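Colleague: What follows is coords.txt; its format and atoms are compact mmCIF, C-alpha atoms and all ligand atoms.
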# COMPACT_ATOMS: atom_id res chain seq x y z
CA MET A 242 91.93 18.91 73.73
CA VAL A 243 89.20 18.78 76.36
CA THR A 244 88.09 22.29 75.54
CA GLU A 245 87.90 21.58 71.84
CA THR A 246 85.71 18.49 72.38
CA ALA A 247 83.45 20.42 74.69
CA THR A 248 83.04 23.24 72.20
CA ILE A 249 82.10 20.96 69.36
CA THR A 250 79.66 18.94 71.44
CA ALA A 251 78.03 22.10 72.71
CA ALA A 252 77.51 23.27 69.15
CA VAL A 253 75.77 20.02 68.22
CA ASP A 254 73.47 20.25 71.23
CA ALA A 255 72.81 23.97 70.94
CA PRO A 256 69.16 25.02 70.88
CA TRP A 257 67.99 24.85 67.32
CA GLN A 258 67.06 28.55 67.32
CA GLN A 259 70.75 29.32 67.47
CA LEU A 260 71.50 27.10 64.54
CA CYS A 261 69.11 28.47 62.00
CA ARG A 262 66.49 31.02 61.18
CA LEU A 263 63.19 29.27 60.62
CA PRO A 264 60.72 31.40 58.73
CA ARG A 265 57.86 28.90 58.84
CA ARG A 266 58.43 26.90 61.95
CA GLN A 267 58.80 29.67 64.46
CA GLY A 268 58.93 28.77 68.10
CA ARG A 269 60.86 26.56 70.39
CA ARG A 270 61.58 22.86 70.53
CA LEU A 271 58.27 21.26 71.45
CA SER A 272 57.86 18.41 73.92
CA GLY A 273 55.11 16.59 75.88
CA SER A 274 51.53 17.67 75.26
CA SER A 275 52.57 20.70 73.19
CA MET A 276 54.00 18.45 70.46
CA GLU A 277 52.47 18.65 67.00
CA LYS A 278 51.70 15.67 64.79
CA THR A 279 54.70 15.46 62.54
CA PHE A 280 57.04 12.95 60.91
CA GLU A 281 59.50 10.92 62.99
CA SER A 282 61.16 9.18 60.07
CA ILE A 283 61.61 9.89 56.38
CA PRO A 284 58.99 8.11 54.23
CA GLN A 285 60.18 5.59 51.65
CA ILE A 286 58.51 5.59 48.25
CA ASP A 287 59.04 2.91 45.66
CA PHE A 288 58.97 4.48 42.19
CA ALA A 289 59.42 1.16 40.36
CA ASN A 290 56.02 1.49 38.68
CA MET A 291 56.39 5.06 37.52
CA ASP A 292 56.59 3.84 33.91
CA VAL A 293 53.69 1.42 34.08
CA SER A 294 50.35 3.21 33.94
CA LEU A 295 48.67 6.50 34.71
CA ALA A 296 46.88 4.82 37.62
CA ASP A 297 50.26 3.79 39.10
CA ARG A 298 51.58 7.32 38.67
CA GLN A 299 48.49 8.76 40.33
CA ALA A 300 48.99 6.43 43.30
CA LEU A 301 52.61 7.57 43.53
CA ALA A 302 51.49 11.19 43.22
CA ALA A 303 49.25 10.75 46.28
CA GLN A 304 52.24 9.45 48.27
CA VAL A 305 54.46 12.31 47.08
CA ASN A 306 51.77 14.82 47.97
CA ALA A 307 51.42 13.40 51.50
CA THR A 308 55.19 13.46 51.97
CA PHE A 309 56.03 16.85 50.53
CA THR A 310 53.19 18.50 52.44
CA GLU A 311 54.45 17.05 55.73
CA SER A 312 58.18 16.35 55.76
CA GLY A 313 59.46 17.74 52.45
CA PHE A 314 61.85 14.76 52.34
CA LEU A 315 61.49 11.27 50.94
CA TYR A 316 63.59 8.23 50.12
CA SER A 317 63.27 7.05 46.56
CA CYS A 318 63.65 3.29 46.88
CA SER A 319 64.00 2.59 43.22
CA HIS A 320 65.47 4.73 40.53
CA SER A 321 67.16 4.33 37.19
CA ILE A 322 70.75 5.12 38.26
CA SER A 323 72.71 1.91 37.99
CA LYS A 324 74.76 0.56 40.90
CA ALA A 325 77.75 0.34 38.55
CA LEU A 326 77.55 4.06 37.77
CA GLN A 327 77.20 4.92 41.44
CA LYS A 328 80.28 2.83 42.20
CA GLU A 329 82.21 4.63 39.48
CA VAL A 330 81.10 7.98 40.84
CA LEU A 331 82.33 7.08 44.31
CA GLY A 332 85.62 5.90 42.78
CA VAL A 333 86.34 9.18 41.00
CA MET A 334 85.29 11.19 44.03
CA GLN A 335 87.61 9.21 46.28
CA ALA A 336 90.42 9.58 43.77
CA PHE A 337 89.85 13.34 43.59
CA PHE A 338 89.42 14.08 47.26
CA THR A 339 92.38 11.99 48.38
CA LEU A 340 94.75 13.92 46.11
CA PRO A 341 97.28 15.95 48.06
CA ALA A 342 95.94 19.42 48.89
CA GLU A 343 98.51 21.09 46.62
CA GLU A 344 97.21 19.02 43.68
CA LYS A 345 93.54 19.67 44.38
CA VAL A 346 94.04 23.38 44.68
CA LYS A 347 95.17 23.44 41.03
CA PHE A 348 91.59 22.69 40.03
CA THR A 349 90.17 25.64 41.89
CA SER A 350 88.61 28.17 39.62
CA THR A 351 88.05 31.53 41.16
CA THR A 352 88.91 33.55 38.10
CA ARG A 353 85.82 32.86 36.03
CA PRO A 354 83.00 34.35 38.03
CA ARG A 355 80.42 34.16 35.24
CA SER A 356 80.85 30.55 34.52
CA ARG A 357 80.25 27.70 36.88
CA ALA A 358 80.85 24.78 34.58
CA THR A 359 84.17 24.24 36.19
CA SER A 360 85.30 22.05 38.92
CA VAL A 361 85.95 23.95 42.05
CA CYS A 362 87.74 22.57 45.02
CA SER A 363 86.81 24.43 48.13
CA LYS A 364 86.80 24.01 51.83
CA GLN A 365 83.57 25.27 53.26
CA ASN A 366 82.35 26.13 56.68
CA SER A 367 78.82 27.36 56.96
CA ALA A 368 78.30 30.47 59.04
CA ARG A 369 77.25 28.50 62.07
CA THR A 370 79.62 25.63 61.70
CA PRO A 371 82.38 25.38 64.29
CA ALA A 372 85.60 26.52 62.70
CA ALA A 373 87.27 23.24 63.61
CA THR A 374 85.05 21.25 61.29
CA SER A 375 84.55 21.37 57.59
CA ARG A 376 83.34 19.61 54.53
CA ARG A 377 85.13 19.80 51.27
CA SER A 378 83.30 20.12 48.07
CA SER A 379 83.86 20.18 44.39
CA THR A 380 81.11 21.73 42.37
CA LEU A 381 80.43 20.71 38.83
CA ALA A 382 77.66 23.08 38.04
CA THR A 383 75.81 23.82 34.88
CA THR A 384 74.45 27.14 35.88
CA ARG A 385 72.96 29.25 33.11
CA PRO A 386 73.54 26.81 30.27
CA SER A 387 72.23 27.77 26.91
CA PRO A 388 71.53 25.39 24.05
CA SER A 389 74.53 24.99 21.79
CA LYS A 390 73.93 25.62 18.10
CA THR A 391 73.83 21.94 17.34
CA ALA A 392 71.90 20.68 20.36
CA ARG A 393 68.23 20.08 19.91
CA PRO A 394 66.21 21.02 22.96
CA GLY A 395 64.44 17.98 24.22
CA LEU A 396 64.53 15.12 26.58
CA THR A 397 67.69 13.60 25.18
CA CYS A 398 69.83 16.68 25.63
CA LEU A 399 72.95 15.83 27.60
CA PRO A 400 75.13 18.30 29.46
CA GLU A 401 77.88 17.73 26.87
CA GLN A 402 75.61 19.31 24.31
CA TRP A 403 75.24 22.46 26.32
CA HIS A 404 77.26 25.44 25.38
CA TYR A 405 79.58 27.03 27.87
CA ALA A 406 81.34 30.32 27.60
CA HIS A 407 84.73 28.80 28.28
CA GLN A 408 86.71 25.62 28.19
CA PRO A 409 86.18 23.63 31.35
CA VAL A 410 89.08 23.31 33.73
CA ALA A 411 90.75 19.91 33.50
CA CYS A 412 90.41 17.73 36.52
CA GLN A 413 91.93 14.63 38.04
CA PRO A 414 91.25 11.79 37.72
CA SER A 415 90.87 12.34 33.99
CA ASN A 416 87.45 10.64 33.93
CA PHE A 417 86.11 12.81 36.77
CA ARG A 418 84.00 15.06 34.58
CA GLY A 419 82.91 12.26 32.23
CA VAL A 420 81.63 10.04 35.03
CA LEU A 421 79.89 12.91 36.76
CA TYR A 422 78.24 13.99 33.51
CA GLN A 423 76.93 10.45 33.05
CA TYR A 424 75.53 10.61 36.55
CA HIS A 425 74.07 14.05 35.83
CA ALA A 426 72.25 12.70 32.78
CA ALA A 427 70.96 9.68 34.71
CA VAL A 428 69.56 11.82 37.53
CA MET A 429 68.05 14.24 35.05
CA SER A 430 66.13 11.53 33.25
CA PHE A 431 64.81 10.17 36.57
CA LEU A 432 63.87 13.69 37.67
CA ARG A 433 61.92 14.38 34.49
CA GLN A 434 59.72 11.41 35.33
CA LEU A 435 59.50 12.45 38.95
CA LEU A 436 58.39 15.94 37.94
CA GLN A 437 55.53 14.37 36.04
CA ILE A 438 54.48 12.64 39.25
CA ILE A 439 54.84 15.94 41.09
CA ALA A 440 52.62 17.63 38.48
CA LEU A 441 49.98 14.99 39.17
CA ALA A 442 50.47 15.50 42.91
CA LEU A 443 49.57 19.16 42.35
CA ASP A 444 46.50 18.28 40.27
CA LEU A 445 48.16 19.48 37.09
CA GLU A 446 48.55 17.80 33.71
CA GLU A 447 51.39 15.26 33.73
CA ASP A 448 53.43 17.22 31.21
CA TYR A 449 53.02 20.54 33.02
CA PHE A 450 56.72 20.88 33.92
CA ASP A 451 58.17 19.27 30.78
CA ALA A 452 59.04 22.56 29.09
CA LEU A 453 61.04 23.55 32.14
CA THR A 454 63.34 20.57 32.00
CA THR A 455 64.85 21.00 28.56
CA PHE A 456 67.85 23.10 29.59
CA PRO A 457 67.54 23.11 33.34
CA MET A 458 69.99 24.89 35.51
CA ALA A 459 71.34 22.12 37.61
CA GLY A 460 74.48 21.56 39.54
CA LEU A 461 76.19 18.54 40.94
CA ARG A 462 78.03 18.96 44.20
CA PRO A 463 80.29 16.09 45.18
CA LEU A 464 80.92 16.36 48.91
CA TYR A 465 83.63 14.84 51.01
CA TYR A 466 83.44 14.90 54.79
CA PRO A 467 86.84 14.10 56.26
CA PRO A 468 86.90 11.57 59.09
CA ARG A 469 86.26 13.30 62.36
CA GLU A 470 88.60 12.81 65.27
CA LEU A 471 86.73 14.25 68.22
CA ALA A 472 83.06 14.39 69.21
CA PRO A 473 80.31 14.45 66.56
CA ASP A 474 80.67 17.62 64.58
CA ILE A 475 78.29 19.71 62.55
CA SER A 476 79.68 19.43 59.07
CA ILE A 477 76.96 21.54 57.49
CA GLY A 478 74.84 23.71 59.74
CA ALA A 479 71.04 23.87 59.55
CA HIS A 480 69.87 25.23 56.22
CA ALA A 481 67.26 24.77 53.51
CA ASP A 482 68.18 24.39 49.85
CA TYR A 483 67.56 27.10 47.27
CA SER A 484 66.80 24.72 44.42
CA TRP A 485 63.63 23.13 43.12
CA LEU A 486 64.39 19.57 44.10
CA THR A 487 67.59 18.30 45.67
CA VAL A 488 68.66 14.72 45.10
CA VAL A 489 71.08 13.46 47.74
CA ASN A 490 73.03 10.28 47.10
CA GLN A 491 74.67 9.10 50.31
CA LEU A 492 77.42 7.08 48.72
CA THR A 493 79.01 5.75 51.90
CA ASP A 494 77.56 4.15 54.95
CA ALA A 495 77.93 6.98 57.48
CA PRO A 496 74.68 8.27 58.99
CA ALA A 497 74.90 12.05 59.20
CA LEU A 498 72.00 13.74 57.44
CA GLU A 499 69.31 15.06 59.81
CA VAL A 500 65.98 16.70 59.03
CA LEU A 501 64.09 19.10 61.29
CA ASN A 502 60.47 18.16 62.05
CA ALA A 503 57.63 20.45 63.12
CA ASN A 504 58.49 19.91 66.79
CA ALA A 505 62.04 21.06 66.03
CA HIS A 506 63.44 17.58 66.64
CA TRP A 507 66.19 16.33 64.37
CA VAL A 508 65.12 13.19 62.49
CA CYS A 509 67.91 11.03 61.10
CA ALA A 510 67.95 10.17 57.38
CA PRO A 511 70.57 7.40 57.38
CA PRO A 512 72.00 5.98 54.15
CA LEU A 513 69.78 3.10 52.98
CA PRO A 514 71.19 0.82 50.27
CA ASN A 515 70.58 2.03 46.72
CA THR A 516 68.22 4.85 47.67
CA LEU A 517 68.22 8.55 46.93
CA VAL A 518 67.01 11.14 49.40
CA ILE A 519 64.92 13.74 47.62
CA ASN A 520 63.79 16.99 49.15
CA ASP A 521 61.77 19.84 47.78
CA SER A 522 63.37 23.21 48.18
CA ASP A 523 62.77 26.94 48.01
CA PHE A 524 61.53 27.21 44.40
CA LEU A 525 58.97 24.46 44.81
CA GLU A 526 57.77 25.81 48.13
CA ARG A 527 57.17 29.19 46.51
CA ALA A 528 55.64 27.72 43.36
CA THR A 529 53.17 25.74 45.48
CA ASN A 530 52.38 28.67 47.76
CA SER A 531 53.91 26.75 50.68
CA MET A 532 51.75 23.69 50.13
CA PHE A 533 55.00 21.74 49.83
CA VAL A 534 57.10 22.48 52.88
CA LEU A 535 60.64 23.75 52.87
CA THR A 536 62.48 21.66 55.42
CA PHE A 537 65.63 22.52 57.27
CA HIS A 538 68.33 19.93 57.50
CA ARG A 539 71.95 19.58 58.55
CA VAL A 540 74.82 17.14 58.40
CA VAL A 541 76.33 15.87 61.65
CA ASN A 542 79.20 13.50 61.20
CA LYS A 543 78.73 11.01 64.04
CA THR A 544 81.07 8.20 63.03
CA ALA A 545 84.62 8.57 64.27
CA GLY A 546 87.39 7.82 61.81
CA VAL A 547 85.11 7.31 58.80
CA ALA A 548 85.09 9.55 55.75
CA ARG A 549 81.69 10.35 54.26
CA TYR A 550 80.96 10.96 50.60
CA SER A 551 77.70 12.30 49.26
CA LEU A 552 76.71 13.60 45.86
CA LEU A 553 74.14 16.35 45.59
CA PHE A 554 72.12 17.25 42.53
CA PHE A 555 70.42 20.62 42.79
CA SER A 556 67.73 21.00 40.17
CA VAL A 557 66.06 24.24 39.20
CA PRO A 558 63.77 24.92 36.24
CA ALA A 559 65.08 26.15 32.91
CA THR A 560 64.91 29.88 32.41
CA THR A 561 64.51 29.46 28.66
CA PRO A 562 62.39 26.46 27.67
O1 LIG B 601 75.70 15.65 52.35
C1 LIG B 601 74.49 15.56 52.59
O2 LIG B 601 73.96 14.49 52.91
C2 LIG B 601 73.58 16.79 52.49
C3 LIG B 601 74.28 18.07 52.11
C4 LIG B 601 73.34 19.23 51.98
O3 LIG B 601 72.30 19.27 52.57
C5 LIG B 601 73.69 20.37 51.08
O4 LIG B 601 74.83 20.45 50.57
O5 LIG B 601 72.80 21.22 50.84
FE FE B 602 71.01 20.86 51.82
Could I get this structure in the form of structure tokens?

Modeller:
Amino acid sequence: MVTETATITAAVDAPWQQLCRLPRRQGRRLSGSSMEKTFESIPQIDFANMDVSLADRQALAAQVNATFTESGFLYSCSHSISKALQKEVLGVMQAFFTLPAEEKVKFTSTTRPRSRATSVCSKQNSARTPAATSRRSSTLATTRPSPSKTARPGLTCLPEQWHYAHQPVACQPSNFRGVLYQYHAAVMSFLRQLLQIIALALDLEEDYFDALTTFPMAGLRPLYYPPRELAPDISIGAHADYSWLTVVNQLTDAPALEVLNANAHWVCAPPLPNTLVINDSDFLERATNSMFVLTFHRVVNKTAGVARYSLLFFSVPATTP
């Protein structure tokens, strides 16, 4: 028992170089006079006025620009996803993840490699995560969707209207997919507006990205972190996301998400009521020629005995507008 605790604690405290490969932020953990000016907390932006006027959107764009060029992470303090829907989402996730393992495994789909519009139950350890710890995830992805014959491309297109090559695997509870699709649609409509702000932040026309959000490749990843028993554990090791924007909804009150700043210090991004954490990822970093930073982050479950649920939305542009 003592050895196991020691091993896990050592992994959490390990020098960050051992935890991840940092292409941009090379070097060691900085302290004292060698420290760079960098963020020590995640900025909060209130998008309530994003519908109001161009001047409001330009003001928001300036805040987004300042944030994505420094930390790559922000809290969105207002958004259009209702509290009722978020509660429902948490309910179906809890119902799913607390099923007995032998039930959950029935929903695993490993036999349909081409199609990801299935629900997959998997137990994942990242390469640098201690074997004793894990997160469990169920991915409801919409990778490579193509417009169905009847769907009209446009802003009202819902995932249900997308065409998949196969029948989706059934899942429990029976409303699991339906509730998550509703959530998917709600995030997507918020993101379309946010991308207009991002276009302004890059000095582009507001509608610059619109054509890329008609049939976006986007996946939802409901995550369940089982209650930990021992010392804080690294549930997901340091990584950066491959997507365009990632929208993290921390559905339960367990601080765990941490973001690496330019001095290689981990900055906590605790759950704040009714907020989303949004980070720009690989695609956007490349598209902006590294003007927007790609920021490493990890999940360290610090609260003993408490399960954590988060819901991730990975958004990438459509391949076929
Ligand atoms: O669960 C979280 O808060 C973040 C998870 C994450 O960073 C990921 O899955 O890429
Ligand atoms: Fe991530």

Colleague: For stretch 539-552 of chain A, list every protein, DNA or RNA residue within 8 Å, evaluated using all atoms listed in the file, and leave out those in the same chain fewer than 3 positions away; present the list as number ranges by chain.

Modeller: A: 253, 331, 334, 461-480, 489-500

Colleague: Quote the spacing between atom CA of A:Trp485 and atom CA of A:Phe280 in Å to one decimal place.

Modeller: 21.5 Å

Colleague: Let me make sure I understand: among A:Phe314, A:Ser415, A:His320, A:Lys345, which one has the smallest atom-to-atom distance to ligand FE 602 (chain B) if we use all atoms listed in the file?

Modeller: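 Looking at the shortest contact to ligand FE 602 (chain B), the residue is A:Phe314.
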
Colleague: List all protein, DNA and RNA residues that have any atom at most 8 Å from ligand FE 602 (chain B), counting all atoms listed in the file, and write the list as a list in words.

Modeller: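 With all atoms listed in the file and a cut-off of 8 Å, ligand FE 602 (chain B) is contacted by His480, Ala481, Asp482, Thr487, Phe537, His538 and Arg539 of chain A.
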
Colleague: What's around A:Cys318 at 12 Å? Count only C-alpha atoms, leave out sequence neighbours fewer than 4 positions away in its own chain, and write the answer as a count of residues only.

Modeller: 19

Colleague: Counting all atoms listed in the file, figure out which residue out of A:Pro511, A:Thr279, A:Thr455, A:Glu343 gets nearest to A:Gly313.

Modeller: A:Thr279

Colleague: For atom CA of A:Thr310 and atom CA of A:Met532, determine how far apart the two atoms are, in Å to one decimal place.

Modeller: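 Spanning atom CA of A:Thr310 to atom CA of A:Met532 is a straight-line distance of 5.9 Å.
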
Colleague: Using all atoms listed in the file, which of A:Asn502, A:Arg527, A:Phe450, A:Leu326 sits nearest A:Ala427?

Modeller: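 Result for the nearest residue to A:Ala427: A:Leu326.
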
Colleague: Would you compute the box with edges along x, y and z of the file around ligand LIG 601 (chain B), including every atom the file lists for it and 6 Å extra on each side, and give its centre and edge lengths in Å to one decimal, as lines of an AutoDock Vina configuration file?

Modeller:
center_x = 74.0
center_y = 17.9
center_z = 51.7
size_x = 15.4
size_y = 18.7
size_z = 14.3
